[in-house]
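Participant: This is the structure I have questions about; it appears just below.
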Amino acid sequence: MISGPPASGKGTQCELIVQKFGLVHISTGDLLRAEVAAGTEIGNKAKEFMKAGHLVPDEIVTAHGCLDEDAKQKGWLLDGYPRSLGQAQSLEKMQIRSDVYIVLDVPDEILIDRCVGRRLDPVTGKIYHLKFFPPETEEIKARLITRPDDIEEKVKSRLNIYKQNAESVSSSYSNITHKIDGSHSKEAVFKEIESLLSRLHQDKVKIMKSGEKSILDPKKGRTSLSQDKWRGIPTRLNNIPHSREIRKYFYDDVLQATQRAINDGKTRLRVDINIPELNPEMDVYRIGTLMELVRALALSFADDGKRVKVCVQGSMGEGALAGMPLQLAGTRKILEFMDWGDYGAKGTFINIGSIGAAEVDEQDDMYILVAPQNAVGNCIIDDLRAMTNAAEHRPVILINPRLKDLPGSSGIMQTMGRDQRLKYAASFESCYFFRLLYYAGTQYPIMGAIRLDSNI
């Protein structure tokens, strides 16, 4: 489904989507205008509402909600529907459910400018814009007309009605809603949509090829795999390096816990996972495993249409105290050169940054911070706190943070006061914790583990 206010570019993006993915395009606006032109009963009922600049009532529009066999076979794209809670409920009754609900977000002033400048060619049915897409010839320009619903007063009326209904519709599809900035060029907007839909398609293909049963997780609102996962994994961690199967198990486990926490509205989260390859105090520590975990989290949230910023702290301190924890040396470079998939996620949905308020951009939806930690003589808490303050309600996830106090120098560790630092560090809620159990005083063999998921 794709939705948005009048002139948000739904029709243009739908054309591009259909060309790329071969879906059947269903635009209720076009269908209703066709009914009006044909003088049908539905068309005559809709005509009066459209002339007045009002949304056509649910009982009229819903008549066009059914999908034909072609749409069921190829897949479908609903353009501008549902526009109200009643329409959304009607689709649910017919068990017509979408995989994704895309909302094009455009400021009112841009929408009004787009609408009042639109003109219709009554001969070809082609839509022009006096400013952005002028007609090719004077002959065409002379015959252009303004559609009744493109007058400024009616545009404003439609915008107000749209806003009244948008909240109720978005709440019906909150788990699959992906908001995209529609004020950019059509190419830039489609690049984001293409990346999103390509990943969704790839996931479906994987499910079909694997032959695994797909079920709907009502809390996450997305498809998940029904698998009989073996949980007797801890003792297998005695084998170093860990197998791909073991690593993927933990990546998925962390991801599911983190997604549940965010879906529950939590915004300050921490993940502590202490398997051998992620324990910097052991000689088998692998920075690549940490990066793989971060990538798995970032790509999954990007699949959901979230703009994710992955952040690594930079050099701290001055003079002889300048530097960063050895554990993080080279991490930024590794992230920059990692494989982020074939669908252009990096640079669109995923960006790499540092820790600090200056890294918080308006377009970011969430932040993943890679092992933020204090170093001898330097404290990351100030930069971390400034960043979370700037992020406001947006989720910030700390992966394996180490925020305990270390020996200070030149008063650096005392900028906030120890009590304040500890209180701030404790403000991050643990959404996932995994710690291995050994015989006292040893790190081998592994005898078991403690796993805590705050959401279960």
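Identifiers in the structure tokens: chain A, B, ... in order shown; residue index from 1 per chain; ligand index from 1 in order shown.
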Taking only region 92-317 of chain A into account, list the residues labelled strand (DSSP E or B) by DSSP (computed from the backbone), as a PyMOL selection string.

Facilitator: chain A and resi 101-105+118-120+127-129+133+145+177-181+214-217+222-225+268-274+308-311+316

Participant: Mind writing the picked residues with N, CA, C and O atoms as a compact mmCIF listing (two decimals), in the first residue's frame?

Facilitator:
```txt
# COMPACT_ATOMS: atom_id res chain seq x y z
N TYR A 101 3.17 -0.72 4.31
CA TYR A 101 2.32 0.45 4.16
C TYR A 101 3.23 1.68 4.09
O TYR A 101 3.77 2.14 5.09
N ILE A 102 3.43 2.19 2.87
CA ILE A 102 4.34 3.31 2.64
C ILE A 102 3.57 4.62 2.72
O ILE A 102 2.53 4.78 2.07
N VAL A 103 4.07 5.56 3.51
CA VAL A 103 3.45 6.88 3.64
C VAL A 103 4.44 7.93 3.12
O VAL A 103 5.56 8.02 3.62
N LEU A 104 4.02 8.69 2.12
CA LEU A 104 4.84 9.77 1.59
C LEU A 104 4.56 11.03 2.40
O LEU A 104 3.41 11.50 2.46
N ASP A 105 5.58 11.57 3.00
CA ASP A 105 5.45 12.72 3.90
C ASP A 105 5.95 13.98 3.20
O ASP A 105 7.13 14.06 2.84
N ARG A 118 -1.28 22.16 -11.16
CA ARG A 118 -1.56 21.02 -12.04
C ARG A 118 -2.62 21.37 -13.08
O ARG A 118 -3.57 22.12 -12.80
N ARG A 119 -2.44 20.81 -14.25
CA ARG A 119 -3.40 20.99 -15.33
C ARG A 119 -3.62 19.66 -16.03
O ARG A 119 -2.68 18.86 -16.17
N LEU A 120 -4.86 19.45 -16.50
CA LEU A 120 -5.24 18.21 -17.18
C LEU A 120 -5.43 18.46 -18.66
O LEU A 120 -6.08 19.43 -19.06
N ILE A 127 -1.41 14.58 -17.17
CA ILE A 127 -1.35 15.64 -16.16
C ILE A 127 -0.05 16.44 -16.34
O ILE A 127 1.04 15.86 -16.42
N TYR A 128 -0.18 17.76 -16.39
CA TYR A 128 0.99 18.65 -16.47
C TYR A 128 1.04 19.53 -15.22
O TYR A 128 0.08 19.57 -14.43
N HIS A 129 2.14 20.23 -15.08
CA HIS A 129 2.27 21.23 -14.01
C HIS A 129 2.92 22.46 -14.63
O HIS A 129 3.95 22.37 -15.31
N PHE A 133 6.31 20.68 -14.63
CA PHE A 133 6.20 19.82 -15.81
C PHE A 133 5.30 20.50 -16.85
O PHE A 133 4.17 20.09 -17.09
N ILE A 145 -6.95 22.21 -18.77
CA ILE A 145 -7.97 22.65 -17.83
C ILE A 145 -7.54 22.31 -16.40
O ILE A 145 -6.68 21.47 -16.19
N THR A 177 4.18 0.24 8.83
CA THR A 177 4.24 1.57 8.23
C THR A 177 5.69 2.03 8.05
O THR A 177 6.50 1.90 8.96
N HIS A 178 5.98 2.58 6.88
CA HIS A 178 7.30 3.11 6.58
C HIS A 178 7.13 4.51 5.98
O HIS A 178 6.59 4.65 4.89
N LYS A 179 7.55 5.52 6.72
CA LYS A 179 7.39 6.90 6.28
C LYS A 179 8.60 7.32 5.45
O LYS A 179 9.75 7.13 5.85
N ILE A 180 8.33 7.92 4.28
CA ILE A 180 9.39 8.34 3.37
C ILE A 180 9.18 9.81 3.00
O ILE A 180 8.05 10.24 2.73
N ASP A 181 10.25 10.58 3.01
CA ASP A 181 10.19 12.01 2.67
C ASP A 181 9.89 12.16 1.18
O ASP A 181 10.71 11.88 0.32
N SER A 214 5.65 -19.92 7.02
CA SER A 214 5.64 -18.51 7.39
C SER A 214 4.42 -18.21 8.23
O SER A 214 3.30 -18.56 7.86
N ILE A 215 4.62 -17.56 9.36
CA ILE A 215 3.49 -17.20 10.22
C ILE A 215 3.56 -15.71 10.51
O ILE A 215 4.59 -15.08 10.35
N LEU A 216 2.43 -15.14 10.92
CA LEU A 216 2.39 -13.72 11.24
C LEU A 216 2.57 -13.53 12.72
O LEU A 216 1.83 -14.08 13.52
N ASP A 217 3.59 -12.79 13.08
CA ASP A 217 3.82 -12.45 14.48
C ASP A 217 3.02 -11.20 14.77
O ASP A 217 3.37 -10.11 14.32
N ARG A 222 4.93 -8.58 11.30
CA ARG A 222 5.69 -8.92 10.12
C ARG A 222 5.83 -10.43 10.05
O ARG A 222 5.55 -11.14 10.99
N THR A 223 6.28 -10.93 8.93
CA THR A 223 6.42 -12.36 8.77
C THR A 223 7.66 -12.84 9.49
O THR A 223 8.71 -12.23 9.45
N SER A 224 7.53 -13.97 10.18
CA SER A 224 8.68 -14.56 10.85
C SER A 224 8.71 -16.04 10.51
O SER A 224 7.73 -16.61 10.07
N LEU A 225 9.84 -16.67 10.72
CA LEU A 225 9.99 -18.07 10.38
C LEU A 225 9.65 -18.95 11.57
O LEU A 225 10.11 -18.73 12.68
N ARG A 268 15.79 3.76 25.21
CA ARG A 268 17.16 3.75 25.69
C ARG A 268 17.51 2.31 26.08
O ARG A 268 17.11 1.83 27.15
N LEU A 269 18.23 1.63 25.19
CA LEU A 269 18.42 0.20 25.34
C LEU A 269 19.89 -0.18 25.33
O LEU A 269 20.72 0.53 24.74
N ARG A 270 20.19 -1.31 25.95
CA ARG A 270 21.54 -1.83 25.90
C ARG A 270 21.49 -3.34 25.67
O ARG A 270 20.59 -4.03 26.14
N VAL A 271 22.48 -3.82 24.91
CA VAL A 271 22.63 -5.24 24.63
C VAL A 271 23.98 -5.67 25.18
O VAL A 271 25.01 -5.07 24.87
N ASP A 272 23.98 -6.69 26.02
CA ASP A 272 25.23 -7.23 26.57
C ASP A 272 25.31 -8.71 26.19
O ASP A 272 24.54 -9.52 26.72
N ILE A 273 26.21 -9.04 25.29
CA ILE A 273 26.36 -10.42 24.85
C ILE A 273 27.82 -10.81 24.99
O ILE A 273 28.71 -10.22 24.35
N ASN A 274 28.08 -11.81 25.82
CA ASN A 274 29.45 -12.10 26.25
C ASN A 274 29.90 -13.50 25.81
O ASN A 274 30.46 -14.25 26.59
N VAL A 308 18.83 4.23 9.90
CA VAL A 308 19.66 3.85 11.04
C VAL A 308 21.05 4.49 10.93
O VAL A 308 21.66 4.45 9.86
N LYS A 309 21.51 5.06 12.01
CA LYS A 309 22.88 5.56 12.04
C LYS A 309 23.69 4.69 12.99
O LYS A 309 23.36 4.56 14.17
N VAL A 310 24.74 4.06 12.45
CA VAL A 310 25.65 3.23 13.24
C VAL A 310 26.82 4.10 13.69
O VAL A 310 27.51 4.68 12.85
N CYS A 311 27.04 4.19 14.99
CA CYS A 311 28.02 5.15 15.52
C CYS A 311 29.15 4.48 16.30
O CYS A 311 28.90 3.58 17.10
N MET A 316 39.43 10.41 21.68
CA MET A 316 39.11 11.26 22.83
C MET A 316 40.38 11.82 23.44
O MET A 316 41.47 11.28 23.24
```

Participant: Taking the DSSP secondary structure from the backbone, can you list the residues of region 344-427 of chain A that are helix (DSSP H, G or I), as JSON, numbers by chain?

Facilitator: {"A": [357, 358, 359, 381, 382, 383, 384, 385, 386, 387, 388, 389, 390, 391, 412, 413, 414, 418, 419, 420, 421, 422, 423, 424, 425, 426]}

Participant: Could you check the closest approach to Leu91 (chain A) for each of A:Ser172, A:Pro280, A:Glu192, A:Val396 and tell me which residue wins, using only C-alpha atoms?

Facilitator: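 Of all the options, A:Ser172 lies closest to Leu91 (chain A).
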